[in-house]
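Novice: To be precise about what I am sending: the file is called entry.cif and holds mmCIF, C-alpha atoms and all ligand atoms.
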```cif
data_start
#
loop_
_atom_site.group_PDB
_atom_site.id
_atom_site.type_symbol
_atom_site.label_atom_id
_atom_site.label_comp_id
_atom_site.auth_asym_id
_atom_site.auth_seq_id
_atom_site.Cartn_x
_atom_site.Cartn_y
_atom_site.Cartn_z
ATOM 1 C CA MET A 1 132.308 130.379 -36.564
ATOM 2 C CA LYS A 2 133.110 129.647 -32.905
ATOM 3 C CA GLU A 3 134.181 133.278 -32.449
ATOM 4 C CA LEU A 4 130.780 134.417 -33.753
ATOM 5 C CA GLN A 5 128.830 131.960 -31.618
ATOM 6 C CA GLU A 6 130.749 132.939 -28.471
ATOM 7 C CA LEU A 7 130.283 136.654 -29.115
ATOM 8 C CA ALA A 8 126.547 136.216 -29.728
ATOM 9 C CA ALA A 9 126.146 134.158 -26.537
ATOM 10 C CA LYS A 10 128.031 136.780 -24.514
ATOM 11 C CA LEU A 11 126.040 139.736 -25.894
ATOM 12 C CA LEU A 12 122.785 137.944 -25.063
ATOM 13 C CA ALA A 13 123.916 136.720 -21.650
ATOM 14 C CA ASP A 14 125.192 140.192 -20.654
ATOM 15 C CA GLY A 15 121.908 141.776 -21.752
ATOM 16 C CA ALA A 16 123.754 144.020 -24.232
ATOM 17 C CA VAL A 17 121.195 142.889 -26.844
ATOM 18 C CA GLN A 18 117.974 140.900 -26.723
ATOM 19 C CA VAL A 19 118.250 139.266 -30.144
ATOM 20 C CA VAL A 20 121.059 138.333 -32.538
ATOM 21 C CA LEU A 21 120.128 138.377 -36.207
ATOM 22 C CA GLY A 22 122.407 135.939 -37.973
ATOM 23 C CA TYR A 23 122.395 132.848 -40.187
ATOM 24 C CA GLU A 24 121.608 129.222 -39.418
ATOM 25 C CA GLU A 25 121.248 125.969 -41.332
ATOM 26 C CA GLY A 26 117.737 125.523 -42.708
ATOM 27 C CA PRO A 27 115.982 122.802 -44.696
ATOM 28 C CA ARG A 28 116.955 124.530 -47.987
ATOM 29 C CA GLY A 29 120.392 125.963 -47.240
ATOM 30 C CA VAL A 30 121.251 128.822 -44.950
ATOM 31 C CA ARG A 31 118.445 131.001 -43.617
ATOM 32 C CA PRO A 32 118.109 134.018 -41.300
ATOM 33 C CA ALA A 33 118.147 133.184 -37.584
ATOM 34 C CA PHE A 34 116.718 135.189 -34.705
ATOM 35 C CA ILE A 35 118.577 134.054 -31.597
ATOM 36 C CA THR A 36 117.223 135.291 -28.272
ATOM 37 C CA ASP A 37 118.634 132.627 -25.926
ATOM 38 C CA PRO A 38 122.426 132.501 -25.345
ATOM 39 C CA ALA A 39 122.189 128.696 -25.218
ATOM 40 C CA GLN A 40 121.028 128.735 -28.859
ATOM 41 C CA ALA A 41 123.991 130.804 -30.175
ATOM 42 C CA GLY A 42 125.652 127.588 -31.371
ATOM 43 C CA ARG A 43 123.109 127.528 -34.218
ATOM 44 C CA LEU A 44 124.853 130.474 -35.903
ATOM 45 C CA VAL A 45 126.868 129.839 -39.070
ATOM 46 C CA PHE A 46 128.731 132.058 -41.496
ATOM 47 C CA ASP A 47 130.031 130.997 -44.890
ATOM 48 C CA ALA A 48 129.626 131.715 -48.604
ATOM 49 C CA ARG A 49 125.960 130.646 -48.495
ATOM 50 C CA CYS A 50 125.067 133.608 -46.261
ATOM 51 C CA VAL A 51 123.713 135.706 -49.110
ATOM 52 C CA GLN A 52 120.798 137.394 -47.316
ATOM 53 C CA ASN A 53 121.136 141.038 -46.314
ATOM 54 C CA LEU A 54 119.991 140.900 -42.694
ATOM 55 C CA ALA A 55 120.033 144.695 -42.385
ATOM 56 C CA THR A 56 116.583 144.537 -43.914
ATOM 57 C CA TYR A 57 115.270 143.287 -40.551
ATOM 58 C CA LEU A 58 116.377 146.558 -38.900
ATOM 59 C CA ASN A 59 113.904 148.432 -41.042
ATOM 60 C CA PRO A 60 111.507 150.044 -38.502
ATOM 61 C CA ARG A 61 108.426 148.961 -40.446
ATOM 62 C CA ARG A 62 109.161 145.383 -39.355
ATOM 63 C CA LYS A 63 107.421 145.808 -36.036
ATOM 64 C CA HIS A 64 107.513 142.087 -35.189
ATOM 65 C CA ILE A 65 111.341 142.291 -35.195
ATOM 66 C CA VAL A 66 111.474 145.643 -33.387
ATOM 67 C CA GLN A 67 109.466 144.164 -30.514
ATOM 68 C CA LEU A 68 112.159 141.510 -29.915
ATOM 69 C CA GLY A 69 114.339 144.249 -28.371
ATOM 70 C CA LYS A 70 117.771 145.671 -29.134
ATOM 71 C CA PRO A 71 119.402 143.646 -31.908
ATOM 72 C CA ALA A 72 122.908 142.657 -32.840
ATOM 73 C CA VAL A 73 123.149 141.919 -36.549
ATOM 74 C CA VAL A 74 125.679 139.885 -38.505
ATOM 75 C CA VAL A 75 126.682 141.717 -41.673
ATOM 76 C CA LYS A 76 128.963 141.519 -44.666
ATOM 77 C CA GLY A 77 130.446 144.768 -45.975
ATOM 78 C CA CYS A 78 127.700 145.208 -48.577
ATOM 79 C CA ASP A 79 125.042 144.749 -45.879
ATOM 80 C CA ALA A 80 126.782 147.308 -43.655
ATOM 81 C CA ARG A 81 126.080 149.887 -46.374
ATOM 82 C CA ALA A 82 122.362 149.336 -45.737
ATOM 83 C CA ILE A 83 122.816 149.962 -42.000
ATOM 84 C CA ALA A 84 124.642 153.179 -42.877
ATOM 85 C CA GLY A 85 121.752 154.069 -45.199
ATOM 86 C CA LEU A 86 119.150 153.509 -42.473
ATOM 87 C CA VAL A 87 121.177 155.640 -40.024
ATOM 88 C CA ARG A 88 121.783 158.321 -42.672
ATOM 89 C CA GLU A 89 118.065 158.488 -43.391
ATOM 90 C CA ARG A 90 117.198 158.645 -39.666
ATOM 91 C CA GLN A 91 115.348 155.326 -39.668
ATOM 92 C CA ILE A 92 117.467 153.925 -36.866
ATOM 93 C CA ALA A 93 119.974 155.388 -34.427
ATOM 94 C CA ARG A 94 123.484 154.012 -34.741
ATOM 95 C CA ALA A 95 123.500 153.202 -31.010
ATOM 96 C CA SER A 96 120.303 151.159 -31.344
ATOM 97 C CA VAL A 97 122.074 148.240 -33.032
ATOM 98 C CA VAL A 98 125.231 146.233 -32.374
ATOM 99 C CA VAL A 99 126.972 145.529 -35.672
ATOM 100 C CA ILE A 100 128.919 142.266 -35.954
ATOM 101 C CA ALA A 101 130.825 142.555 -39.216
ATOM 102 C CA MET A 102 132.335 139.560 -40.976
ATOM 103 C CA ARG A 103 135.382 139.904 -43.229
ATOM 104 C CA CYS A 104 134.091 138.513 -46.474
ATOM 105 C CA GLY A 105 135.430 136.405 -49.316
ATOM 106 C CA GLY A 106 132.274 136.611 -51.440
ATOM 107 C CA VAL A 107 129.001 134.729 -51.422
ATOM 108 C CA LEU A 108 127.102 132.427 -53.731
ATOM 109 C CA GLN A 109 124.220 133.645 -55.874
ATOM 110 C CA ARG A 110 121.681 131.660 -53.868
ATOM 111 C CA ALA A 111 121.506 130.610 -50.215
ATOM 112 C CA GLU A 112 120.309 127.138 -51.212
ATOM 113 C CA GLU A 113 123.381 126.458 -53.378
ATOM 114 C CA ASN A 114 126.252 124.539 -51.836
ATOM 115 C CA ALA A 115 129.020 124.914 -54.361
ATOM 116 C CA ALA A 116 132.537 126.261 -54.397
ATOM 117 C CA LEU A 117 132.820 129.922 -55.402
ATOM 118 C CA SER A 118 133.554 130.201 -59.120
ATOM 119 C CA SER A 119 132.994 132.716 -61.889
ATOM 120 C CA GLU A 120 129.576 131.071 -62.440
ATOM 121 C CA THR A 121 128.438 130.538 -58.851
ATOM 122 C CA THR A 122 129.668 133.704 -57.105
ATOM 123 C CA ALA A 123 127.091 136.467 -56.674
ATOM 124 C CA ALA A 124 127.365 139.128 -59.355
ATOM 125 C CA ARG A 125 127.522 141.866 -56.737
ATOM 126 C CA CYS A 126 130.868 140.560 -55.464
ATOM 127 C CA ALA A 127 132.639 141.473 -58.734
ATOM 128 C CA GLY A 128 135.086 144.278 -57.904
ATOM 129 C CA CYS A 129 133.743 144.609 -54.340
ATOM 130 C CA ASP A 130 135.584 147.189 -52.235
ATOM 131 C CA ALA A 131 133.660 146.429 -49.030
ATOM 132 C CA ARG A 132 135.034 143.044 -48.017
ATOM 133 C CA GLU A 133 136.605 144.595 -44.922
ATOM 134 C CA PRO A 134 133.669 146.549 -43.442
ATOM 135 C CA LYS A 135 134.361 149.836 -41.678
ATOM 136 C CA LEU A 136 131.030 150.128 -39.891
ATOM 137 C CA TYR A 137 131.086 147.734 -36.952
ATOM 138 C CA ASP A 138 131.141 147.244 -33.212
ATOM 139 C CA TYR A 139 132.892 143.884 -33.624
ATOM 140 C CA ILE A 140 134.718 142.585 -36.671
ATOM 141 C CA LEU A 141 135.454 138.892 -37.018
ATOM 142 C CA GLY A 142 137.466 136.528 -39.203
ATOM 143 C CA GLU A 143 140.538 136.829 -41.376
ATOM 144 C CA LEU A 144 140.174 138.575 -44.732
ATOM 145 C CA PRO A 145 139.833 135.780 -47.340
ATOM 146 C CA PRO A 146 141.265 136.139 -50.859
ATOM 147 C CA ASP A 147 139.295 138.059 -53.525
ATOM 148 C CA PRO A 148 136.301 136.045 -54.752
ATOM 149 C CA PRO A 149 136.140 134.851 -58.387
ATOM 150 C CA VAL A 150 134.554 137.445 -60.683
ATOM 151 C CA ASN A 151 131.113 136.694 -62.063
ATOM 152 C CA ALA A 152 130.946 139.064 -65.025
ATOM 153 C CA SER A 153 127.404 138.126 -66.101
ATOM 154 C CA ARG A 154 125.795 141.377 -64.928
ATOM 155 C CA ALA A 155 128.515 143.577 -66.421
ATOM 156 C CA GLU A 156 128.140 141.684 -69.713
ATOM 157 C CA LYS A 157 124.342 142.174 -69.733
ATOM 158 C CA ILE A 158 124.730 145.881 -68.992
ATOM 159 C CA ALA A 159 127.255 146.206 -71.826
ATOM 160 C CA LEU A 160 124.749 144.513 -74.158
ATOM 161 C CA LEU A 161 121.936 146.826 -73.011
ATOM 162 C CA GLU A 162 124.125 149.869 -73.586
ATOM 163 C CA LYS A 163 124.747 148.796 -77.164
ATOM 164 C CA MET A 164 121.015 148.486 -77.862
ATOM 165 C CA THR A 165 118.924 151.181 -79.486
ATOM 166 C CA PRO A 166 116.239 152.711 -77.218
ATOM 167 C CA ALA A 167 113.601 150.629 -79.078
ATOM 168 C CA GLN A 168 115.562 147.400 -78.525
ATOM 169 C CA ARG A 169 116.065 148.264 -74.874
ATOM 170 C CA LYS A 170 112.360 148.949 -74.474
ATOM 171 C CA SER A 171 111.439 145.582 -75.940
ATOM 172 C CA PHE A 172 114.009 143.864 -73.708
ATOM 173 C CA TRP A 173 112.437 145.396 -70.606
ATOM 174 C CA ASP A 174 108.877 144.894 -71.851
ATOM 175 C CA GLU A 175 109.587 141.198 -72.221
ATOM 176 C CA GLU A 176 111.087 140.996 -68.724
ATOM 177 C CA LEU A 177 108.465 143.136 -67.002
ATOM 178 C CA SER A 178 105.557 141.385 -68.719
ATOM 179 C CA ARG A 179 106.272 138.450 -66.346
ATOM 180 C CA CYS A 180 105.915 140.577 -63.177
ATOM 181 C CA ILE A 181 103.053 139.330 -61.009
ATOM 182 C CA ARG A 182 103.126 142.357 -58.664
ATOM 183 C CA CYS A 183 103.911 140.290 -55.616
ATOM 184 C CA HIS A 184 106.092 143.160 -54.324
ATOM 185 C CA ALA A 185 108.674 140.674 -53.005
ATOM 186 C CA CYS A 186 111.375 142.944 -54.472
ATOM 187 C CA ARG A 187 110.187 145.728 -52.185
ATOM 188 C CA GLU A 188 109.752 143.480 -49.153
ATOM 189 C CA ALA A 189 113.311 142.158 -49.404
ATOM 190 C CA CYS A 190 114.871 145.593 -49.832
ATOM 191 C CA PRO A 191 116.527 147.110 -46.759
ATOM 192 C CA MET A 192 116.016 150.591 -48.160
ATOM 193 C CA CYS A 193 112.262 150.342 -48.841
ATOM 194 C CA PHE A 194 110.864 151.484 -45.518
ATOM 195 C CA CYS A 195 107.794 153.600 -46.285
ATOM 196 C CA VAL A 196 104.922 152.755 -43.943
ATOM 197 C CA GLN A 197 102.605 152.940 -46.934
ATOM 198 C CA CYS A 198 104.123 152.279 -50.339
ATOM 199 C CA THR A 199 103.033 154.575 -53.162
ATOM 200 C CA ALA A 200 102.198 151.402 -55.115
ATOM 201 C CA GLU A 201 99.446 150.658 -52.609
ATOM 202 C CA ARG A 202 97.912 154.088 -52.277
ATOM 203 C CA ALA A 203 94.289 154.034 -53.329
ATOM 204 C CA LEU A 204 93.355 157.697 -52.734
ATOM 205 C CA PRO A 205 94.721 158.941 -55.036
ATOM 206 C CA GLN A 206 95.870 155.863 -56.890
ATOM 207 C CA TRP A 207 99.330 156.491 -58.351
ATOM 208 C CA ILE A 208 99.965 153.063 -59.808
ATOM 209 C CA ASP A 209 97.477 150.510 -61.085
ATOM 210 C CA PRO A 210 97.930 147.428 -58.837
ATOM 211 C CA SER A 211 97.033 144.954 -61.597
ATOM 212 C CA PRO A 212 99.927 143.151 -63.313
ATOM 213 C CA THR A 213 99.546 144.684 -66.747
ATOM 214 C CA LEU A 214 102.671 145.611 -68.670
ATOM 215 C CA HIS A 215 101.808 149.301 -68.453
ATOM 216 C CA ALA A 216 101.353 149.158 -64.669
ATOM 217 C CA ASN A 217 104.420 146.935 -64.196
ATOM 218 C CA ARG A 218 106.564 149.467 -66.015
ATOM 219 C CA ALA A 219 105.265 152.240 -63.755
ATOM 220 C CA TRP A 220 105.846 150.125 -60.654
ATOM 221 C CA GLN A 221 109.473 149.324 -61.401
ATOM 222 C CA MET A 222 110.195 152.829 -62.655
ATOM 223 C CA MET A 223 108.927 154.219 -59.368
ATOM 224 C CA ARG A 224 110.758 151.638 -57.252
ATOM 225 C CA VAL A 225 114.052 152.152 -59.025
ATOM 226 C CA LEU A 226 113.874 155.954 -59.033
ATOM 227 C CA HIS A 227 113.132 155.901 -55.312
ATOM 228 C CA GLN A 228 116.390 153.975 -54.900
ATOM 229 C CA ALA A 229 118.566 156.519 -56.724
ATOM 230 C CA GLY A 230 121.538 157.295 -54.474
ATOM 231 C CA ARG A 231 120.087 154.955 -51.809
ATOM 232 C CA CYS A 232 120.398 151.467 -53.287
ATOM 233 C CA VAL A 233 123.265 149.533 -51.695
ATOM 234 C CA ASP A 234 123.538 146.977 -54.516
ATOM 235 C CA CYS A 235 122.789 143.978 -52.307
ATOM 236 C CA LEU A 236 120.652 142.407 -55.072
ATOM 237 C CA GLU A 237 118.110 141.117 -52.588
ATOM 238 C CA CYS A 238 115.334 142.457 -54.841
ATOM 239 C CA GLU A 239 116.574 140.291 -57.722
ATOM 240 C CA ARG A 240 117.044 137.242 -55.504
ATOM 241 C CA ALA A 241 113.513 137.613 -54.108
ATOM 242 C CA CYS A 242 111.819 137.900 -57.501
ATOM 243 C CA PRO A 243 109.893 134.696 -58.280
ATOM 244 C CA GLU A 244 109.910 135.591 -61.968
ATOM 245 C CA ASP A 245 113.704 135.955 -62.243
ATOM 246 C CA ILE A 246 113.422 139.491 -63.557
ATOM 247 C CA PRO A 247 116.977 140.893 -63.670
ATOM 248 C CA LEU A 248 116.291 143.741 -61.240
ATOM 249 C CA GLY A 249 120.011 143.981 -60.475
ATOM 250 C CA LEU A 250 120.469 145.591 -63.883
ATOM 251 C CA PHE A 251 118.262 148.471 -62.788
ATOM 252 C CA ALA A 252 120.113 148.697 -59.468
ATOM 253 C CA ARG A 253 123.492 148.876 -61.214
ATOM 254 C CA TYR A 254 122.272 151.314 -63.852
ATOM 255 C CA ILE A 255 120.821 153.805 -61.376
ATOM 256 C CA ALA A 256 123.878 153.527 -59.090
ATOM 257 C CA GLY A 257 126.143 154.167 -62.105
ATOM 258 C CA ALA A 258 124.089 157.234 -63.093
ATOM 259 C CA VAL A 259 124.330 158.685 -59.559
ATOM 260 C CA GLU A 260 128.073 157.983 -59.478
ATOM 261 C CA THR A 261 128.629 159.715 -62.817
ATOM 262 C CA ARG A 262 126.506 162.754 -62.043
ATOM 263 C CA PHE A 263 127.234 163.262 -58.344
ATOM 264 C CA GLY A 264 130.463 161.304 -57.733
ATOM 265 C CA TYR A 265 128.634 159.334 -55.032
ATOM 266 C CA LYS A 266 128.885 155.622 -54.364
ATOM 267 C CA ALA A 267 126.927 153.875 -51.585
ATOM 268 C CA CYS A 268 129.275 153.418 -48.651
ATOM 269 C CA ASP A 269 129.141 152.231 -45.056
ATOM 270 C CA ASP A 270 129.856 155.651 -43.516
ATOM 271 C CA PRO A 271 126.541 157.165 -42.352
ATOM 272 C CA ALA A 272 128.194 160.594 -42.093
ATOM 273 C CA VAL A 273 128.676 160.733 -45.889
ATOM 274 C CA PRO A 274 125.535 162.450 -47.232
ATOM 275 C CA ALA A 275 123.622 160.862 -50.106
ATOM 276 C CA PRO A 276 123.314 163.359 -52.976
ATOM 277 C CA LEU A 277 119.530 163.250 -53.253
ATOM 278 C CA GLY A 278 119.078 163.346 -49.482
ATOM 279 C CA VAL A 279 120.598 166.775 -48.765
ATOM 280 C CA PHE A 280 120.228 170.305 -50.029
ATOM 281 C CA SER A 281 122.325 173.407 -49.754
ATOM 282 C CA THR A 282 121.046 176.969 -49.503
ATOM 283 C CA GLU A 283 124.008 177.820 -51.758
ATOM 284 C CA ASP A 284 122.703 175.494 -54.483
ATOM 285 C CA GLY A 285 122.854 177.060 -57.934
ATOM 286 C CA GLU A 286 119.395 175.696 -58.759
ATOM 287 C CA GLU A 287 116.785 178.361 -58.023
ATOM 288 C CA PHE A 288 114.001 175.879 -57.207
ATOM 289 C CA ILE A 289 115.784 174.428 -54.209
ATOM 290 C CA ARG A 290 116.104 177.690 -52.239
HETATM 291 S S1 LIG B 1 129.632 142.252 -52.298
HETATM 292 FE FE1 LIG B 1 131.555 142.240 -51.145
HETATM 293 S S2 LIG B 1 131.025 142.254 -48.991
HETATM 294 FE FE2 LIG B 1 129.172 141.694 -50.163
HETATM 295 S S3 LIG B 1 129.158 139.463 -50.199
HETATM 296 FE FE3 LIG B 1 130.236 140.105 -52.045
HETATM 297 S S4 LIG B 1 132.416 140.221 -51.508
HETATM 298 FE FE4 LIG B 1 131.241 140.119 -49.583
HETATM 299 S S1 LIG B 2 116.975 148.051 -54.677
HETATM 300 FE FE1 LIG B 2 117.659 145.898 -54.636
HETATM 301 S S2 LIG B 2 119.890 146.024 -54.731
HETATM 302 FE FE2 LIG B 2 119.136 148.050 -54.116
HETATM 303 S S3 LIG B 2 119.153 148.070 -51.869
HETATM 304 FE FE3 LIG B 2 117.100 147.411 -52.514
HETATM 305 S S4 LIG B 2 117.200 145.162 -52.561
HETATM 306 FE FE4 LIG B 2 119.327 145.917 -52.519
HETATM 307 S S1 LIG B 3 109.448 140.517 -57.074
HETATM 308 FE FE1 LIG B 3 109.412 140.307 -59.309
HETATM 309 S S2 LIG B 3 107.336 139.598 -59.773
HETATM 310 FE FE2 LIG B 3 107.286 140.418 -57.683
HETATM 311 S S3 LIG B 3 106.704 142.608 -57.939
HETATM 312 FE FE3 LIG B 3 108.931 142.529 -57.923
HETATM 313 S S4 LIG B 3 109.507 142.404 -60.082
HETATM 314 FE FE4 LIG B 3 107.331 141.835 -59.940
#
```
Represent the supplied structure as structure tokens.

Specialist:
Amino acid sequence: MKELQELAAKLLADGAVQVVLGYEEGPRGVRPAFITDPAQAGRLVFDARCVQNLATYLNPRRKHIVQLGKPAVVVKGCDARAIAGLVRERQIARASVVVIAMRCGGVLQRAEENAALSSETTAARCAGCDAREPKLYDYILGELPPDPPVNASRAEKIALLEKMTPAQRKSFWDEELSRCIRCHACREACPMCFCVQCTAERALPQWIDPSPTLHANRAWQMMRVLHQAGRCVDCLECERACPEDIPLGLFARYIAGAVETRFGYKACDDPAVPAPLGVFSTEDGEEFIR
């Protein structure tokens, strides 16, 4: 922690960055911190409660953050994948951000929890994680902790869904999506949702009915999830943000699995690795693409 606080203070004092995006203690657990004064760097913390993916604040549509100046951002390996995604998709330049990567031993499901990591409390995304030692960084801090306990709840739910008939699966999702209130928190939390105007809010023409009917909710999530194919970094911030506890992480995992099977691509923290749906080749066998 001291190493992180000292580095943040030095980057700010030297003028290398104007703001450090990190974590601090809040009234309900750990929360994002925006440190602009080196004297305030002592507020920074990093532990298993730091669940938030702070790469979402690099998203250029967050103009109130952009105007703070050049940022340094504290990331876990899974968050670093989102920075790579934003660089890959030309939303930010790699040189425009200082990446402070933390070697990671897993996080809790919720920032407001304060429990030991266990197979119940550890975030589902940490199961089988291969990103605990990030490769995308300007600074990397901490010793690599042991593997976190495996929370198999998401894998178990996906296995159950796969066993269902299409009709059973439809009723499962209808029940879940019928609770959606169209707050769009899932989109707001997502580091990879950066459109200046979301298709869900276009009025001329209107693509998706903004009212929270089951029909419109299905269309909304279908669109959101398909737009994440090959782009989603599996940070599960959409699921954590959902006030209705809709298991959006199941969609995230399903679409990532489909892209992996069909294209052999897994979200990674190397911006030079092209995402399959983000490139084309003039040699492509498909006529329509040439
Ligand atoms: S998914 Fe990996 S890098 Fe991300 S919090 Fe879990 S263990 Fe850490
Ligand atoms: S869709 Fe969800 S899991 Fe995927 S990058 Fe966005 S917030 Fe993270
Ligand atoms: S966060 Fe949940 S309730 Fe809000 S729009 Fe997304 S799925 Fe619907």

Novice: So the first atom is CA of Val66 in chain A and the second is CA of Ala185 in chain A; what is the distance between them in Å, to one decimal place?

Specialist: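 Atom-to-atom, CA of Val66 in chain A to CA of Ala185 in chain A, that is 20.4 Å.
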
Novice: Please provide as a list in words all residues within 6 Å of range 270-274 of chain A, with the sequence filter that same-chain residues fewer than 2 positions apart are discarded (counting only C-alpha atoms).

Specialist: Ala84, Arg88 and Cys268 of chain A

Novice: The selected residues should be written to file as a PDB file, in the frame of the given file (atoms: C-alpha atoms).

Specialist:
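Writing done, so here's again25.pdb:
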```pdb
ATOM      1  CA  ALA A  84     124.642 153.179 -42.877  1.00  0.00           C
ATOM      2  CA  ARG A  88     121.783 158.321 -42.672  1.00  0.00           C
ATOM      3  CA  CYS A 268     129.275 153.418 -48.651  1.00  0.00           C
TER       4      CYS A 268
END
```

Novice: For this structure, which residues satisfy the selection - the PyMOL selection byres (((not hetatm)) within 9 of (chain B and resi 3)) - when it is evaluated on the file as given? I want them as JSON, numbers by chain.

Specialist: {"A": [176, 177, 178, 179, 180, 181, 182, 183, 184, 185, 186, 187, 188, 189, 212, 217, 220, 221, 238, 239, 240, 241, 242, 243, 244, 245, 246, 247, 248]}

Novice: May I ask you to write as an MDAnalysis selection string all residues lying at most 10 Å from ligand LIG 2 (chain B), with all atoms listed in the file counted?

Specialist: chainID A and resid 53 56 78:79 81:82 85 125 185:193 224:241 248:253 255:256 267

Novice: Work out where the centre of an axis-aligned box around every listed atom of range 55-68 of chain A lies and how long its edges are once 5 Å is added on each side; give both in Å to one decimal as JSON.

Specialist:
```
{"center_x": 113.7, "center_y": 145.8, "center_z": -36.9, "size_x": 22.6, "size_y": 18.5, "size_z": 24.0}
```

Novice: Report as a ChimeraX atom specification which protein, DNA and RNA residues come within 8 Å of ligand LIG 1 (chain B), using only C-alpha atoms and all ligand atoms.

Specialist: /A:48,51,76-79,103-107,123-134,147-148,235

Novice: Going by the chain IDs and residue numbers used in this file, which residues fall under the PyMOL selection byres (((chain A and resi 155-167) around 9) and not hetatm)? Write them as JSON, numbers by chain.

Specialist: {"A": [124, 127, 151, 152, 153, 154, 168, 169, 170, 171, 172, 250, 253, 254]}

Novice: Can you work out which one of A:Glu260, A:Asp209, A:Glu287, A:Asp37 has the shortest atom-to-atom distance to Ala9 in chain A, counting only C-alpha atoms?

Specialist: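 The closest residue to Ala9 in chain A is A:Asp37.
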
Novice: What does the distance from CA of Gln40 in chain A to CA of Ala111 in chain A come to in Å, to one decimal?

Specialist: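 CA of Ala111 in chain A lies at a distance of 21.4 Å from CA of Gln40 in chain A.
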
Novice: Work out how far CA of Pro38 in chain A is from CA of Val75 in chain A, in Å to one decimal.

Specialist: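 Value for the CA of Val75 in chain A-CA of Pro38 in chain A distance: 19.2 Å.
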
Novice: Between A:Phe194, A:Tyr23, A:Phe280, A:Tyr137, which residue has the minimum interatomic distance to Met1 in chain A, considering all atoms listed in the file?

Specialist: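 So, comparing all the options, the nearest one is A:Tyr23.
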
Novice: Using the chain letters and residue numbers of this document, give as a CSV table (one decimal) with C-alpha atoms, keeping the file's coordinate frame the residues selected by the PyMOL selection byres (((chain A and resi 3) around 12) and not hetatm).

Specialist:
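What landed in out.csv:
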```csv
chain,number,residue,atom,x,y,z
A,1,MET,CA,132.3,130.4,-36.6
A,2,LYS,CA,133.1,129.6,-32.9
A,4,LEU,CA,130.8,134.4,-33.8
A,5,GLN,CA,128.8,132.0,-31.6
A,6,GLU,CA,130.7,132.9,-28.5
A,7,LEU,CA,130.3,136.7,-29.1
A,8,ALA,CA,126.5,136.2,-29.7
A,9,ALA,CA,126.1,134.2,-26.5
A,10,LYS,CA,128.0,136.8,-24.5
A,41,ALA,CA,124.0,130.8,-30.2
A,42,GLY,CA,125.7,127.6,-31.4
A,44,LEU,CA,124.9,130.5,-35.9
A,45,VAL,CA,126.9,129.8,-39.1
A,46,PHE,CA,128.7,132.1,-41.5
A,100,ILE,CA,128.9,142.3,-36.0
A,101,ALA,CA,130.8,142.6,-39.2
A,102,MET,CA,132.3,139.6,-41.0
A,139,TYR,CA,132.9,143.9,-33.6
A,140,ILE,CA,134.7,142.6,-36.7
A,141,LEU,CA,135.5,138.9,-37.0
A,142,GLY,CA,137.5,136.5,-39.2
A,143,GLU,CA,140.5,136.8,-41.4
```

Novice: Skipping near chain neighbours, those fewer than 2 positions away, what residues fall within 10 Å of Phe263 in chain A using all atoms listed in the file, listed as a list in words?

Specialist: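 Everything that qualifies: Gly230, Gly257, Ala258, Val259, Glu260, Thr261, Tyr265, Lys266, Ala275, Pro276 and Leu277 of chain A.
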
Novice: Kindly indicate which residue among A:Ile65, A:Ile92, A:Val98, A:Cys50 lies nearest to Gly26 in chain A, using all atoms listed in the file for the distances.

Specialist: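 With all atoms listed in the file as the atom set, the closest residue is A:Cys50.
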
Novice: Please determine, counting all atoms listed in the file, which residue among A:Met222, A:Val97, A:Leu214, A:Leu86 has the shortest atom-to-atom distance to Glu175 in chain A.

Specialist: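 Result for the nearest residue to Glu175 in chain A: A:Leu214.
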
Novice: A:Arg43, A:Cys195, A:Leu136, A:Arg218: which is nearest Trp173 in chain A, counting all atoms listed in the file?

Specialist: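 Of the candidates, the smallest distance to Trp173 in chain A is held by A:Arg218.
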
Novice: Kindly provide, as an NGL selection string, the polymer residues lying within 6 Å of (114.6, 142.2, -29.8), counting all atoms listed in the file and using the coordinates exactly as they appear in the file.

Specialist: :A and (18-19 or 66-71)

Novice: Within 10 Å of (130.3, 129.7, -55.8) (coordinates as in the file), grab all the protein and nucleic acid residues, counting only C-alpha atoms, and write them out as a list in words.

Specialist: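 Those residues lying close to the given coordinates are Ala48, Arg49, Gly106, Val107, Leu108, Gln109, Arg110, Glu113, Asn114, Ala115, Ala116, Leu117, Ser118, Ser119, Glu120, Thr121, Thr122, Ala123, Pro148, Pro149 and Asn151 of chain A.
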